[in-house]
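Down below is the structure, laid out as structure tokens.
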Amino acid sequence: MTDAYAVFGNPVAHSKSPLIHAAFAAQTGQDMDYVALLAPLDGFSDAVAAFRSMGGRGANVTVPFKEQAFGLATRLTARARAAGAVNTLKFDADDVLGDNTDGAGLVADLLGNLGFALAGKRILLMGAGGAARGVVFPLLEQSPASLFIVNRTPDKAIGLAREMAGAGGNLSGGGYDALNGRFDLLINATAASLAGDLPPLPADVFAPEALAYDMMYGKDTPFLAFARAQGARVADGLGMLVEQAAAAFEVWRGVRPLTAPVMRMLREA
Ligand code: NDP
């Protein structure tokens, strides 16, 4: 029988995950089906339970449910526990494994696909939601000079930096008015781009040869347009999406698919 997988989100219609996993399945000869499911904002766990009762084997979780997915897992990987957020669920009988492949996906994209070394760099991470949580530890593992988390609600950024302080490194957080100096890498992990908004960034935050990375993918965002206008190199989150999907696919199926042909296919589409 074909194994069923899904991505849960709200909104979710824009998701490219069904295309990516179909391509991975074809590439690796796995018999599986993968669909996008819109969960009501107040009905995530019911939607997941219904999918499991129909035989669902695993799921990806996107905005705004990653912290709720963390609470749903009966078992967590170390990287999910560190993140406090889950983007990958695997169902086996009564066992619900929660994993987080976002950080590994981002780092793989930055280092492997974009050739951007992180060691010694000043990093600005915008946002303190599920996506931001998932990438803090993996970024710190690359030994940047500093990592500043900035958020519209400053207390959430300060709290996240405190929570992650155990990872070591020069980590701090605050509001946009606390920004100080220039950054080599600016990562937009806010949901602002989904609404066509630009986080309130000053123009002078981009260091020479800075890379501006928007986790949103598929269209030019106000953040990337702003960064380009300041002379920064820009990248969208398509590579992260494909890399985190490859890591999730490996969790479910035990096979690591090739990402380059799938990224090419999506860019051409
Ligand atoms: P959450 O809802 O958990 O968090 C949203 C964050 O965005 C909060 O920090 C919120 O601030 C901030 N925010 C929302 N609107 C604005 C705004 N107008 N200006 C400034 N800050 C704002 O979302 P996620 O963390 O799950 O996802 C964030 C984004 O990352 C989404 O666009 C998602 O699609 C993308 N993403 C992409 C991935 C990829 O593979 N490419 C993987 C994961 C996520 P506050 O706390 O003040 O509300």
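Chains: A, B, ... in order of the structure tokens. Residues: from 1 per chain. Ligands: from 1, in order shown.
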Could you name the residues that touch Gln244 of chain A at 6 Å or less, counting only C-alpha atoms, but leaving out those on the same chain fewer than 5 positions away, as a PyMOL selection string?
-> chain A and resi 101-102+105
Requested write-out: N, CA, C and O atoms of the selected residues, as a PDB file, in the first residue's frame:
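Listing of out35.pdb after writing:
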```pdb
ATOM      1  N   THR A 101      14.288  19.676  11.082  1.00  0.00           N
ATOM      2  CA  THR A 101      15.322  19.631  10.036  1.00  0.00           C
ATOM      3  C   THR A 101      15.572  21.019   9.436  1.00  0.00           C
ATOM      4  O   THR A 101      16.360  21.146   8.506  1.00  0.00           O
ATOM      5  N   ASP A 102      14.898  22.059   9.976  1.00  0.00           N
ATOM      6  CA  ASP A 102      15.049  23.404   9.405  1.00  0.00           C
ATOM      7  C   ASP A 102      16.488  23.916   9.491  1.00  0.00           C
ATOM      8  O   ASP A 102      17.023  24.462   8.524  1.00  0.00           O
ATOM      9  N   GLY A 105      18.794  22.178   7.231  1.00  0.00           N
ATOM     10  CA  GLY A 105      18.499  22.589   5.857  1.00  0.00           C
ATOM     11  C   GLY A 105      19.093  23.948   5.533  1.00  0.00           C
ATOM     12  O   GLY A 105      19.694  24.146   4.472  1.00  0.00           O
TER      13      GLY A 105
END
```
Got a sec to tell me which of segment 43-229 of chain A DSSP assigns to alpha helix (DSSP H), as an NGL selection string?
-> :A and (44-53 or 66-72 or 78-83 or 102-108 or 130-140 or 154-163 or 222-229)
Measuring atom to atom with only C-alpha atoms, identify which of A:Ala260, A:Ala227, A:Ala245, A:Val150 is nearest to Asn100 of chain A.
->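 Closest candidate: A:Ala245.
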Might you pull out every residue within 6 Å of segment 57-61 of chain A, with only C-alpha atoms counted and same-chain residues fewer than 3 positions away left off, and present them as number ranges by chain?
-> A: 4-8, 66, 87-91
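For the set A:Val96, A:Ala50, A:Ala132, A:Leu241, the residue with the smallest atom-to-atom gap to Leu37 of chain A is A:Ala50, counting only C-alpha atoms.
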Grab me every residue within 6 Å of ligand 1, counting only C-alpha atoms and all ligand atoms, and send it over as a ChimeraX atom specification.
-> /A:62-64,102,127-132,151-153,189-194,197,199,215-216,237-238,240-241
Find the residues near Leu118 of chain A: any atom within 12 Å, counting only C-alpha atoms, skip ones fewer than 4 places away on the same chain, and give them as a PyMOL selection string.
-> chain A and resi 106-112+114+122-124+138-147+183-186+210-211
DSSP strand (DSSP E or B) selection over segment 94-215 of chain A, as an NGL selection string = :A and (95-99 or 122-126 or 146-150 or 171-174 or 183-188 or 206-214)
Selection near Leu41 of chain A, 9 Å with only C-alpha atoms, sequence-local residues under 6 positions removed, as a PyMOL selection string = chain A and resi 9-10+64-65
Selected residues written out with N, CA, C and O atoms, as a short mmCIF file (atom, residue, chain, number, x, y, z; two decimals), in the first residue's frame:
```
data_model
loop_
_atom_site.label_atom_id
_atom_site.label_comp_id
_atom_site.auth_asym_id
_atom_site.auth_seq_id
_atom_site.Cartn_x
_atom_site.Cartn_y
_atom_site.Cartn_z
N GLY A 9 -0.25 23.24 7.48
CA GLY A 9 0.04 24.65 7.68
C GLY A 9 -1.22 25.47 7.58
O GLY A 9 -2.29 24.96 7.27
N ASN A 10 -1.09 26.78 7.79
CA ASN A 10 -2.21 27.70 7.59
C ASN A 10 -1.64 29.11 7.44
O ASN A 10 -1.29 29.72 8.44
N PRO A 64 1.54 28.18 11.23
CA PRO A 64 2.15 28.62 12.49
C PRO A 64 2.14 27.50 13.54
O PRO A 64 1.93 27.77 14.72
N PHE A 65 2.38 26.26 13.15
CA PHE A 65 2.10 25.14 14.05
C PHE A 65 3.33 24.43 14.63
O PHE A 65 3.20 23.38 15.26
#
```
When you draw a straight line from atom CA of Ala26 of chain A to atom CA of Glu250 of chain A, how long is it in Å?
-> 14.2 Å
Mind checking which residues fall within 9 Å of Met164 of chain A, counting only C-alpha atoms, ignoring those fewer than 6 positions away in the same chain, and posting them as a ChimeraX atom specification?
-> /A:82-83,133,136-137,171
Go ahead and write the selection's residues with C-alpha atoms as a CSV table (one decimal), in the first residue's frame.
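out_33.csv, freshly written:
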```
chain,number,residue,atom,x,y,z
A,82,ALA,CA,17.1,22.2,21.3
A,83,ALA,CA,14.9,24.1,19.0
A,133,ARG,CA,14.1,28.6,17.0
A,136,VAL,CA,19.8,29.1,16.3
A,137,PHE,CA,21.8,26.0,17.4
A,171,LEU,CA,24.4,35.2,21.3
```
